[in-house]
file protein38.cif (mmCIF, C-alpha atoms and all ligand atoms)
data_entry
#
loop_
_atom_site.label_atom_id
_atom_site.label_comp_id
_atom_site.auth_asym_id
_atom_site.auth_seq_id
_atom_site.Cartn_x
_atom_site.Cartn_y
_atom_site.Cartn_z
CA MET N 1229 -17.12 44.45 25.50
CA THR N 1230 -14.09 43.31 27.45
CA LEU N 1231 -14.61 41.50 30.70
CA SER N 1232 -13.48 43.07 33.96
CA GLU N 1233 -10.71 41.42 35.96
CA SER N 1234 -13.17 40.16 38.56
CA ALA N 1235 -15.51 38.72 35.92
CA ILE N 1236 -12.51 36.90 34.41
CA GLY N 1237 -11.58 35.60 37.84
CA ASP N 1238 -15.14 34.32 38.41
CA ALA N 1239 -15.28 32.67 35.01
CA ALA N 1240 -11.88 31.07 35.64
CA PHE N 1241 -12.97 29.65 39.00
CA ARG N 1242 -16.19 28.29 37.47
CA ALA N 1243 -14.25 26.65 34.66
CA LEU N 1244 -11.69 25.02 36.96
CA ASP N 1245 -14.36 23.88 39.42
CA ALA N 1246 -16.07 22.05 36.55
CA PHE N 1247 -12.93 20.52 35.08
CA ARG N 1248 -11.97 16.93 35.95
CA ILE N 1249 -9.57 14.67 34.13
CA GLU N 1250 -9.03 10.94 34.59
CA ILE N 1251 -5.56 9.49 34.91
CA PRO N 1252 -4.53 6.03 33.66
CA SER N 1253 -3.16 3.35 35.97
CA TRP N 1254 -0.62 2.47 33.27
CA GLY N 1255 0.77 6.01 33.37
CA PHE N 1256 2.48 5.16 36.67
CA ALA N 1257 3.98 1.83 35.61
CA ASN N 1258 7.20 1.19 33.76
CA THR N 1259 6.54 1.15 30.04
CA GLY N 1260 8.93 1.23 27.16
CA THR N 1261 9.37 1.23 23.47
CA ARG N 1262 9.70 -1.81 21.25
CA PHE N 1263 13.45 -1.48 21.75
CA GLY N 1264 13.45 -1.78 25.50
CA LYS N 1265 12.42 -0.31 28.76
CA PHE N 1266 14.16 2.14 31.10
CA ALA N 1267 13.02 1.19 34.57
CA GLN N 1268 12.28 3.95 37.08
CA PRO N 1269 12.80 3.06 40.73
CA ALA N 1270 9.63 4.96 41.74
CA ALA N 1271 7.40 3.38 39.07
CA ALA N 1272 4.34 1.53 40.37
CA SER N 1273 4.22 -2.20 39.86
CA THR N 1274 1.12 -3.12 41.84
CA ILE N 1275 -2.44 -1.89 41.70
CA GLU N 1276 -2.01 -0.62 45.24
CA GLU N 1277 0.96 1.53 44.20
CA LYS N 1278 -1.00 2.86 41.23
CA PHE N 1279 -3.85 3.91 43.53
CA ALA N 1280 -1.35 5.49 45.91
CA ASP N 1281 0.20 7.51 43.07
CA ALA N 1282 -3.20 8.54 41.75
CA ALA N 1283 -4.14 9.73 45.24
CA GLU N 1284 -0.96 11.79 45.41
CA VAL N 1285 -1.72 13.45 42.06
CA ASN N 1286 -5.25 14.20 43.24
CA ARG N 1287 -4.02 15.53 46.59
CA LEU N 1288 -1.79 17.98 44.73
CA THR N 1289 -4.17 19.00 41.93
CA GLY N 1290 -7.69 18.35 43.29
CA THR N 1291 -8.66 17.48 39.71
CA THR N 1292 -8.18 13.73 39.23
CA PRO N 1293 -10.65 11.78 41.38
CA THR N 1294 -10.79 8.71 39.10
CA LEU N 1295 -8.29 6.17 37.82
CA ALA N 1296 -8.70 4.34 34.49
CA LEU N 1297 -8.03 0.62 34.79
CA HIS N 1298 -6.82 -1.85 32.15
CA VAL N 1299 -8.46 -5.15 32.98
CA LEU N 1300 -5.64 -7.66 32.54
CA TRP N 1301 -2.99 -5.33 33.93
CA ASP N 1302 -5.00 -4.26 36.98
CA LEU N 1303 -7.58 -7.00 37.59
CA PRO N 1304 -5.82 -10.12 36.24
CA ASN N 1305 -8.36 -12.33 38.05
CA GLY N 1306 -11.31 -10.41 36.66
CA LEU N 1307 -14.37 -10.04 38.88
CA ARG N 1308 -12.55 -11.77 41.73
CA ASP N 1309 -10.26 -8.73 42.02
CA VAL N 1310 -13.12 -6.27 42.39
CA ALA N 1311 -13.27 -6.50 46.19
CA ALA N 1312 -9.57 -5.64 46.48
CA VAL N 1313 -10.00 -2.67 44.13
CA ARG N 1314 -13.00 -1.51 46.16
CA GLU N 1315 -10.87 -1.59 49.26
CA LEU N 1316 -8.16 0.49 47.55
CA GLU N 1317 -10.77 3.03 46.43
CA LEU N 1318 -11.81 3.54 50.04
CA ARG N 1319 -8.27 3.57 51.40
CA PHE N 1320 -6.98 6.12 48.89
CA GLY N 1321 -10.12 8.17 48.18
CA ILE N 1322 -9.87 7.51 44.44
CA ARG N 1323 -12.67 5.93 42.39
CA SER N 1324 -12.22 3.51 39.54
CA GLY N 1325 -12.80 5.27 36.25
CA SER N 1326 -13.15 3.85 32.78
CA ILE N 1327 -12.64 0.12 32.44
CA ASN N 1328 -10.43 -0.86 29.50
CA PRO N 1329 -10.75 -4.43 28.20
CA THR N 1330 -7.28 -5.77 27.30
CA LEU N 1331 -7.64 -7.36 23.87
CA PHE N 1332 -4.16 -7.25 22.42
CA GLN N 1333 -1.54 -9.11 24.41
CA ASP N 1334 -2.67 -12.77 24.41
CA GLN N 1335 -1.13 -15.10 21.82
CA GLU N 1336 -4.62 -15.92 20.52
CA TYR N 1337 -4.99 -12.34 19.34
CA LYS N 1338 -2.16 -12.49 16.84
CA TYR N 1339 -4.67 -12.14 13.96
CA GLY N 1340 -7.15 -10.02 15.85
CA SER N 1341 -9.60 -10.16 18.74
CA LEU N 1342 -13.20 -9.10 18.02
CA ALA N 1343 -12.42 -9.21 14.30
CA ASN N 1344 -10.41 -12.43 14.28
CA PRO N 1345 -11.39 -14.85 11.49
CA SER N 1346 -11.73 -17.64 14.06
CA ARG N 1347 -15.18 -17.76 15.64
CA ALA N 1348 -13.76 -19.30 18.80
CA ILE N 1349 -11.25 -16.47 19.27
CA ARG N 1350 -13.90 -13.86 18.57
CA GLU N 1351 -16.09 -15.47 21.21
CA ARG N 1352 -13.24 -15.47 23.67
CA ALA N 1353 -12.66 -11.75 23.03
CA VAL N 1354 -16.37 -10.95 23.34
CA LYS N 1355 -16.45 -12.85 26.63
CA HIS N 1356 -13.60 -10.65 27.89
CA VAL N 1357 -15.62 -7.56 26.96
CA PHE N 1358 -18.66 -9.00 28.78
CA ASP N 1359 -16.49 -9.65 31.84
CA SER N 1360 -15.15 -6.11 31.63
CA ILE N 1361 -18.71 -4.77 31.58
CA GLU N 1362 -19.50 -6.81 34.70
CA ILE N 1363 -16.37 -5.47 36.39
CA ALA N 1364 -17.43 -1.94 35.48
CA LYS N 1365 -20.89 -2.57 36.96
CA ALA N 1366 -19.39 -3.93 40.17
CA LEU N 1367 -17.09 -0.92 40.45
CA GLY N 1368 -19.79 1.61 39.57
CA SER N 1369 -17.88 2.70 36.43
CA ARG N 1370 -19.88 4.34 33.69
CA ASP N 1371 -17.54 3.84 30.73
CA ILE N 1372 -16.16 0.72 29.10
CA SER N 1373 -13.42 2.01 26.85
CA LEU N 1374 -12.46 -0.24 24.00
CA TRP N 1375 -9.32 -0.08 21.92
CA LEU N 1376 -8.51 -2.88 19.49
CA ALA N 1377 -5.14 -3.65 17.96
CA ASP N 1378 -6.99 -5.62 15.26
CA GLY N 1379 -5.80 -5.32 11.69
CA SER N 1380 -3.43 -6.91 9.21
CA ASN N 1381 0.07 -6.32 7.92
CA TYR N 1382 -0.15 -7.43 4.30
CA PRO N 1383 -2.59 -6.75 1.45
CA GLY N 1384 -4.93 -9.57 0.58
CA THR N 1385 -4.28 -11.53 3.76
CA GLN N 1386 -7.56 -10.70 5.50
CA SER N 1387 -11.11 -9.94 4.40
CA ILE N 1388 -11.61 -6.32 5.43
CA GLY N 1389 -15.33 -6.58 4.67
CA LYS N 1390 -16.00 -9.69 6.72
CA ARG N 1391 -14.13 -8.18 9.62
CA ILE N 1392 -16.49 -5.17 9.60
CA GLY N 1393 -19.41 -7.58 10.02
CA TRP N 1394 -17.72 -9.41 12.85
CA LEU N 1395 -17.06 -6.11 14.64
CA GLU N 1396 -20.68 -5.01 14.24
CA GLU N 1397 -21.81 -8.30 15.69
CA ALA N 1398 -19.40 -8.21 18.66
CA LEU N 1399 -20.02 -4.59 19.56
CA GLY N 1400 -23.79 -5.02 19.29
CA ALA N 1401 -23.59 -7.99 21.66
CA ALA N 1402 -21.46 -5.96 24.09
CA HIS N 1403 -23.91 -3.07 23.94
CA ASP N 1404 -26.75 -5.40 24.94
CA ARG N 1405 -24.96 -6.14 28.20
CA LEU N 1406 -24.63 -2.49 29.29
CA ALA N 1407 -26.62 -1.19 32.24
CA ALA N 1408 -28.83 1.81 31.48
CA ASP N 1409 -26.26 4.32 32.74
CA GLN N 1410 -23.21 2.74 31.11
CA ARG N 1411 -21.51 3.62 27.85
CA LEU N 1412 -19.34 1.81 25.37
CA LEU N 1413 -16.54 4.05 24.07
CA ILE N 1414 -14.99 3.00 20.77
CA GLU N 1415 -11.47 4.24 20.10
CA TYR N 1416 -9.86 4.45 16.66
CA LYS N 1417 -6.26 4.51 15.53
CA PRO N 1418 -4.89 4.63 11.98
CA PHE N 1419 -2.02 2.18 12.35
CA GLU N 1420 0.23 0.37 14.84
CA PRO N 1421 0.52 -2.42 15.68
CA ALA N 1422 -1.12 -3.27 12.33
CA PHE N 1423 0.68 -1.68 9.40
CA TYR N 1424 -1.49 -2.45 6.39
CA HIS N 1425 -5.06 -2.09 7.61
CA THR N 1426 -6.46 -1.39 11.05
CA ASP N 1427 -10.05 -2.49 11.59
CA ILE N 1428 -11.13 0.70 13.37
CA ALA N 1429 -8.83 3.20 11.72
CA ASP N 1430 -10.65 6.52 11.94
CA TRP N 1431 -13.60 8.42 13.36
CA GLY N 1432 -15.85 7.51 10.44
CA MET N 1433 -15.44 3.81 11.10
CA ALA N 1434 -15.78 4.32 14.85
CA SER N 1435 -18.92 6.43 14.33
CA HIS N 1436 -20.52 3.77 12.16
CA LEU N 1437 -19.71 1.06 14.71
CA ALA N 1438 -21.03 3.18 17.58
CA ARG N 1439 -24.29 3.80 15.73
CA SER N 1440 -24.72 0.18 14.79
CA ALA N 1441 -23.88 -1.01 18.33
CA GLY N 1442 -26.64 1.06 19.94
CA PRO N 1443 -27.58 4.35 21.61
CA GLN N 1444 -25.14 4.02 24.51
CA ALA N 1445 -22.08 3.68 22.29
CA ARG N 1446 -19.85 6.66 21.58
CA VAL N 1447 -16.56 7.48 19.89
CA LEU N 1448 -13.36 8.05 21.84
CA VAL N 1449 -10.79 10.45 20.39
CA ASP N 1450 -7.18 9.77 21.32
CA THR N 1451 -5.25 12.86 20.25
CA GLY N 1452 -2.28 10.73 19.16
CA HIS N 1453 -4.36 8.55 16.84
CA HIS N 1454 -4.48 10.62 13.65
CA TYR N 1455 -2.40 11.18 10.56
CA MET N 1456 -0.17 14.20 10.81
CA ALA N 1457 -2.18 16.67 8.77
CA GLN N 1458 -5.60 15.80 10.16
CA ASN N 1459 -7.70 18.58 11.67
CA ILE N 1460 -8.62 16.99 15.01
CA GLU N 1461 -10.80 19.86 16.24
CA GLN N 1462 -12.93 19.51 13.12
CA ILE N 1463 -13.45 15.83 13.92
CA VAL N 1464 -14.41 16.88 17.45
CA ALA N 1465 -16.91 19.43 16.13
CA TRP N 1466 -18.52 16.76 13.93
CA LEU N 1467 -18.70 14.23 16.74
CA LEU N 1468 -20.28 16.86 18.98
CA HIS N 1469 -22.76 17.80 16.27
CA THR N 1470 -23.77 14.19 15.74
CA GLY N 1471 -23.97 13.44 19.48
CA LEU N 1472 -21.34 10.74 19.16
CA LEU N 1473 -18.46 12.19 21.15
CA GLY N 1474 -17.83 10.06 24.24
CA GLY N 1475 -14.48 11.20 25.46
CA PHE N 1476 -10.79 11.83 24.94
CA HIS N 1477 -7.48 10.20 25.53
CA PHE N 1478 -5.14 13.15 25.79
CA ASN N 1479 -1.44 13.00 24.99
CA ASP N 1480 0.90 14.70 22.57
CA ARG N 1481 3.01 13.56 19.68
CA ARG N 1482 5.45 14.74 17.06
CA TYR N 1483 5.17 11.86 14.59
CA ALA N 1484 2.65 9.10 15.32
CA ASP N 1485 1.20 7.65 18.53
CA ASP N 1486 4.18 8.96 20.50
CA ASP N 1487 2.28 9.20 23.81
CA LEU N 1488 4.28 12.24 24.93
CA THR N 1489 2.93 14.37 27.74
CA LEU N 1490 -0.02 16.59 26.90
CA GLY N 1491 0.80 19.96 25.38
CA SER N 1492 4.54 19.27 25.21
CA ILE N 1493 4.70 19.58 21.41
CA ASP N 1494 1.59 21.45 20.31
CA PRO N 1495 -0.45 23.06 23.09
CA TYR N 1496 -2.38 25.12 20.50
CA GLN N 1497 -3.91 21.88 19.19
CA ILE N 1498 -5.41 21.06 22.58
CA PHE N 1499 -6.58 24.65 23.01
CA ARG N 1500 -8.42 24.39 19.67
CA ILE N 1501 -10.09 21.16 20.78
CA PHE N 1502 -11.20 22.69 24.07
CA HIS N 1503 -12.59 25.67 22.16
CA GLU N 1504 -14.90 23.34 20.22
CA LEU N 1505 -16.06 21.79 23.49
CA HIS N 1506 -16.74 25.19 25.03
CA CYS N 1507 -18.65 26.20 21.86
CA ALA N 1508 -20.83 23.13 22.15
CA ARG N 1509 -21.55 23.92 25.77
CA THR N 1510 -22.42 27.54 24.95
CA GLU N 1511 -24.77 26.33 22.24
CA GLY N 1512 -26.36 23.88 24.66
CA LEU N 1513 -25.55 20.72 22.75
CA PRO N 1514 -26.26 17.81 25.04
CA HIS N 1515 -23.10 15.87 25.67
CA ALA N 1516 -21.19 14.11 28.40
CA VAL N 1517 -17.55 14.02 27.47
CA ALA N 1518 -14.97 12.12 29.51
CA TYR N 1519 -11.55 13.74 29.67
CA MET N 1520 -8.86 11.14 30.17
CA ILE N 1521 -5.09 11.09 29.94
CA ASP N 1522 -3.50 8.25 27.98
CA GLN N 1523 0.21 8.83 27.82
CA SER N 1524 3.29 6.81 28.43
CA HIS N 1525 6.14 9.04 29.45
CA ASN N 1526 9.17 6.79 29.44
CA LEU N 1527 11.83 9.31 30.36
CA LYS N 1528 10.10 11.81 32.65
CA GLY N 1529 9.36 10.84 36.24
CA LYS N 1530 5.95 9.14 36.30
CA ILE N 1531 4.24 11.14 39.02
CA GLU N 1532 5.93 14.44 38.26
CA ALA N 1533 4.95 14.19 34.58
CA MET N 1534 1.38 13.30 35.52
CA VAL N 1535 1.09 16.38 37.74
CA GLN N 1536 2.62 18.50 34.97
CA THR N 1537 0.09 17.05 32.51
CA VAL N 1538 -2.89 17.77 34.73
CA MET N 1539 -1.72 21.36 35.20
CA THR N 1540 -1.24 21.74 31.45
CA ALA N 1541 -4.72 20.38 30.79
CA GLN N 1542 -6.20 22.84 33.27
CA GLU N 1543 -4.32 25.75 31.73
CA LEU N 1544 -5.37 24.94 28.16
CA TYR N 1545 -8.96 24.31 29.19
CA LEU N 1546 -8.97 27.62 31.05
CA LYS N 1547 -7.47 29.59 28.17
CA ALA N 1548 -10.22 28.27 25.91
CA ALA N 1549 -12.91 28.89 28.55
CA LEU N 1550 -11.95 32.55 28.81
CA LEU N 1551 -12.16 33.25 25.09
CA ASP N 1552 -14.84 35.88 24.41
CA ARG N 1553 -17.02 33.59 22.30
CA GLU N 1554 -19.78 36.14 21.79
CA ARG N 1555 -17.35 38.57 20.24
CA LEU N 1556 -15.81 35.78 18.21
CA GLN N 1557 -19.18 34.88 16.78
CA GLU N 1558 -19.75 38.47 15.65
CA LEU N 1559 -16.36 38.55 13.97
CA GLN N 1560 -16.99 35.20 12.33
CA GLN N 1561 -20.36 36.37 11.10
CA SER N 1562 -18.92 39.51 9.55
CA CYS N 1563 -15.94 37.54 8.19
CA ASP N 1564 -13.50 39.87 9.89
CA LEU N 1565 -10.76 37.32 9.51
CA VAL N 1566 -7.74 38.94 11.07
CA ALA N 1567 -9.67 40.32 14.04
CA ALA N 1568 -11.27 36.91 14.64
CA GLU N 1569 -7.95 35.14 14.46
CA GLU N 1570 -6.27 37.68 16.73
CA LEU N 1571 -9.03 37.28 19.32
CA PHE N 1572 -8.63 33.52 19.12
CA ARG N 1573 -4.85 33.60 19.33
CA GLY N 1574 -5.03 36.21 22.08
CA ALA N 1575 -6.96 33.78 24.26
CA PHE N 1576 -4.30 31.16 23.63
CA TRP N 1577 -1.50 33.57 24.57
CA ARG N 1578 -3.16 34.70 27.81
CA ASP N 1579 -1.06 33.60 30.76
CA VAL N 1580 -3.63 31.86 32.94
CA ARG N 1581 -1.12 30.42 35.40
CA PRO N 1582 -1.74 33.14 38.03
CA LEU N 1583 -5.51 32.46 37.80
CA ALA N 1584 -4.94 28.72 38.19
CA ALA N 1585 -2.69 29.34 41.20
CA ALA N 1586 -5.32 31.62 42.77
CA TRP N 1587 -7.98 28.95 42.22
CA ARG N 1588 -5.78 26.31 43.86
CA GLU N 1589 -5.17 28.48 46.90
CA ALA N 1590 -8.86 29.25 47.23
CA ARG N 1591 -9.61 25.52 47.13
CA GLY N 1592 -6.98 24.64 49.74
CA LEU N 1593 -4.58 23.15 47.20
CA PRO N 1594 -0.88 23.95 46.75
CA ALA N 1595 -0.50 26.97 44.46
CA ASP N 1596 2.28 25.15 42.61
CA PRO N 1597 1.66 21.39 42.67
CA LEU N 1598 5.03 20.57 41.08
CA THR N 1599 7.00 22.36 43.79
CA ALA N 1600 4.73 20.81 46.41
CA LEU N 1601 5.47 17.36 45.00
CA ARG N 1602 9.20 17.99 45.18
CA SER N 1603 9.07 19.14 48.78
CA SER N 1604 6.75 16.32 49.87
CA GLY N 1605 9.44 13.68 49.43
CA TYR N 1606 6.80 11.31 47.96
CA VAL N 1607 8.90 10.30 44.96
CA GLU N 1608 12.03 9.66 47.02
CA ARG N 1609 10.00 7.52 49.42
CA ALA N 1610 8.55 5.54 46.53
CA GLU N 1611 12.06 5.07 45.11
CA ARG N 1612 13.28 3.68 48.41
CA GLU N 1613 10.29 1.39 48.90
CA ARG N 1614 9.81 0.22 45.33
CA GLY N 1615 13.28 0.30 43.78
CA GLY N 1616 14.53 -3.02 42.54
CA ARG N 1617 11.26 -4.95 42.31
CA HIS N 1618 9.56 -4.38 39.02
CA ALA N 1619 6.92 -6.51 37.41
CA ALA N 1620 6.95 -6.74 33.62
CA VAL N 1621 4.49 -4.46 31.89
CA GLY N 1622 3.11 -4.63 28.36
CA GLY N 1623 4.27 -2.02 25.93
CA TYR N 1624 1.37 -0.45 24.02
CA ALA N 1625 0.34 2.32 26.39
C1 LIG N 1701 -3.30 2.18 22.69
C2 LIG N 1701 -4.53 3.01 22.88
C3 LIG N 1701 -5.37 2.56 24.06
C4 LIG N 1701 -4.62 2.07 25.25
C5 LIG N 1701 -3.48 1.21 24.84
C6 LIG N 1701 -2.67 0.79 26.04
O1 LIG N 1701 -2.40 2.80 21.82
O2 LIG N 1701 -4.21 4.36 22.99
O3 LIG N 1701 -6.22 3.57 24.48
O4 LIG N 1701 -5.52 1.31 25.97
O5 LIG N 1701 -2.67 1.89 23.91
MN MN N 1702 -5.75 5.68 23.88
MN MN N 1703 -2.39 5.13 21.79
#
call {"tool": "encode", "arguments": {"input": "protein38.cif", "output": "structure tokens"}}
result
Amino acid sequence: MTLSESAIGDAAFRALDAFRIEIPSWGFANTGTRFGKFAQPAAASTIEEKFADAAEVNRLTGTTPTLALHVLWDLPNGLRDVAAVRELELRFGIRSGSINPTLFQDQEYKYGSLANPSRAIRERAVKHVFDSIEIAKALGSRDISLWLADGSNYPGTQSIGKRIGWLEEALGAAHDRLAADQRLLIEYKPFEPAFYHTDIADWGMASHLARSAGPQARVLVDTGHHYMAQNIEQIVAWLLHTGLLGGFHFNDRRYADDDLTLGSIDPYQIFRIFHELHCARTEGLPHAVAYMIDQSHNLKGKIEAMVQTVMTAQELYLKAALLDRERLQELQQSCDLVAAEELFRGAFWRDVRPLAAAWREARGLPADPLTALRSSGYVERAERERGGRHAAVGGYA
């Protein structure tokens, strides 16, 4: 059975109405590589400018109502900054999203944070996670999203085993502080900045730590945090099956954690991930999955690239939503390989841009957000107002 045009249109509108993606505050700030930074005159250097940019992206796309915050970059005075952030939320109509403890830039963390061999440094790091949880409570944020740079550079220099125990202890303590509706998301990454061993290097380690921390802990999948040949959608299917999938950090890459804009290198990869998510929904698996962007586009314009990314995410989500999954199941069951693959690829090749444009118009949004951004003059205004005064920003985004 093939769906009629109007049924496809209805399904597309339903899918886009349900789709939200969170943008990161650090995606608007100047970031660089370890070799240097190319400053953009329109880049945001204050939390107020980041909220303003987030509001502009949401005005154009209608899809990004929340902004992820990195605690030391955005609330350097901790809880004392909450009132100011609250005020920005009201002023710009954007809510704070996931709260990201910043556990990698202080000198104390040279040999690790939650897994540091020094008890005092571990306690300091745990205290920062506790503070981050309190900030999240005060801001009404559900997710505390934890990424650690912890690891070592040389064999034999750290006890990998002891560090597992220290992580279990720290994450369990953090879990105890969560409110009933909060979650602890645990992100993994195979290497960088550590180049011999990373304490939470893959989804197996993250899954174990989430389970041992408690029922409100989940795994966070950053699409750039895998070895080249890894089958990410299979990891996603397993995390869905085990009820451990908490959310995503979307970005693209060619080599490692390149943090390129979503879908720029391999859009089929993201389509395949979204397919697994749509399958889980069809099969009624209970899950709440947070879609977040975590990219650091150094060369593209910050706001323009963010709008482009949101549109790409919508398109890939929509392509996967419109796949005839009933038919696919039949073909899978009868092992009709080529027909199954062609159906799957056909959904990927469908040009959904006209459907997305129709949805935007129906929802009172610009049909083409990128053109609307250009004609709004927002970026030029930001360049005039912000050019020349740039605060330093850390470089691991
Ligand atoms: C890391 C990781 C984290 C992000 C930092 C800034 O590579 O992706 O999610 O918080 O960068
Ligand atoms: Mn990430
Ligand atoms: Mn990363």
call {"tool": "closest_atom_pairs", "arguments": {"input": "protein38.cif", "of": "chain N", "to": "ligand MN 1703 (chain N)", "cutoff": "8 Å", "atoms": "only C-alpha atoms and all ligand atoms", "output": "tab-separated table"}}
result
residue	atom	partner	partner_atom	distance
N:Lys1417	CA	N:MN1703	MN	7.4
N:Asp1450	CA	N:MN1703	MN	6.7
N:Gly1452	CA	N:MN1703	MN	6.2
N:His1453	CA	N:MN1703	MN	6.3
N:Asp1485	CA	N:MN1703	MN	5.5
N:Asp1486	CA	N:MN1703	MN	7.7
N:Asp1487	CA	N:MN1703	MN	6.5
N:Asp1522	CA	N:MN1703	MN	7.0
N:Gln1523	CA	N:MN1703	MN	7.5
N:Tyr1624	CA	N:MN1703	MN	7.1
N:Ala1625	CA	N:MN1703	MN	6.0
call {"tool": "closest_residue", "arguments": {"input": "protein38.cif", "among": "N:Val1357, N:Ile1493, N:Ile1363, N:Ala1246", "to": "Gly1325 of chain N", "atoms": "all atoms listed in the file"}}
result
N:Ile1363
call {"tool": "residues_near_point", "arguments": {"input": "protein38.cif", "point": "(-9.0, 9.7, 39.5)", "cutoff": "9 Å", "atoms": "all atoms listed in the file", "output": "list in words"}}
result
Arg1248, Ile1249, Glu1250, Ile1251, Pro1252, Phe1279, Ala1282, Ala1283, Val1285, Asn1286, Thr1291, Thr1292, Pro1293, Thr1294, Leu1295, Ala1296, Gly1321, Ile1322, Arg1323, Ser1324 and Gly1325 of chain N
call {"tool": "closest_residue", "arguments": {"input": "protein38.cif", "among": "N:Ala1398, N:Leu1367, N:His1425, N:Ser1373", "to": "Glu1351 of chain N", "atoms": "all atoms listed in the file"}}
result
N:Ala1398
call {"tool": "closest_residue", "arguments": {"input": "protein38.cif", "among": "N:Asp1378, N:Glu1396, N:Glu1589, N:Glu1317", "to": "ligand LIG 1701 (chain N)", "atoms": "all atoms listed in the file"}}
result
N:Asp1378
call {"tool": "closest_residue", "arguments": {"input": "protein38.cif", "among": "N:Gly1471, N:Asn1526, N:Arg1439, N:Glu1336", "to": "Trp1254 of chain N", "atoms": "only C-alpha atoms"}}
result
N:Asn1526
call {"tool": "residues_around", "arguments": {"input": "protein38.cif", "residues": "segment 1510-1514 of chain N", "least_positions_apart": "5", "cutoff": "10 Å", "atoms": "all atoms listed in the file", "output": "ChimeraX atom specification"}}
result
/N:1468-1471,1504-1505,1553-1554
call {"tool": "closest_residue", "arguments": {"input": "protein38.cif", "among": "N:Phe1502, N:Tyr1483, N:Trp1431, N:Phe1572", "to": "Leu1546 of chain N", "atoms": "all atoms listed in the file"}}
result
N:Phe1502
call {"tool": "closest_residue", "arguments": {"input": "protein38.cif", "among": "N:Ala1364, N:Ile1521, N:Ala1457, N:Leu1316", "to": "ligand MN 1702 (chain N)", "atoms": "only C-alpha atoms and all ligand atoms"}}
result
N:Ile1521
call {"tool": "axis_aligned_box", "arguments": {"input": "protein38.cif", "around": "segment 1316-1329 of chain N", "padding_each_side": "5 Å", "output": "AutoDock Vina command-line options"}}
result
--center_x -10.1 --center_y 1.9 --center_z 39.8 --size_x 16.2 --size_y 22.6 --size_z 33.2
call {"tool": "residues_around", "arguments": {"input": "protein38.cif", "residues": "Leu1303 of chain N", "least_positions_apart": "3", "cutoff": "10 Å", "atoms": "only C-alpha atoms", "output": "PDB file with C-alpha atoms, in the frame of the given file"}}
result
ATOM      1  CA  ILE N1275      -2.440  -1.890  41.700  1.00  0.00           C
ATOM      2  CA  LEU N1297      -8.030   0.620  34.790  1.00  0.00           C
ATOM      3  CA  HIS N1298      -6.820  -1.850  32.150  1.00  0.00           C
ATOM      4  CA  VAL N1299      -8.460  -5.150  32.980  1.00  0.00           C
ATOM      5  CA  LEU N1300      -5.640  -7.660  32.540  1.00  0.00           C
ATOM      6  CA  GLY N1306     -11.310 -10.410  36.660  1.00  0.00           C
ATOM      7  CA  LEU N1307     -14.370 -10.040  38.880  1.00  0.00           C
ATOM      8  CA  ARG N1308     -12.550 -11.770  41.730  1.00  0.00           C
ATOM      9  CA  ASP N1309     -10.260  -8.730  42.020  1.00  0.00           C
ATOM     10  CA  VAL N1310     -13.120  -6.270  42.390  1.00  0.00           C
ATOM     11  CA  ALA N1312      -9.570  -5.640  46.480  1.00  0.00           C
ATOM     12  CA  VAL N1313     -10.000  -2.670  44.130  1.00  0.00           C
ATOM     13  CA  SER N1360     -15.150  -6.110  31.630  1.00  0.00           C
ATOM     14  CA  ILE N1363     -16.370  -5.470  36.390  1.00  0.00           C
TER      15      ILE N1363
END
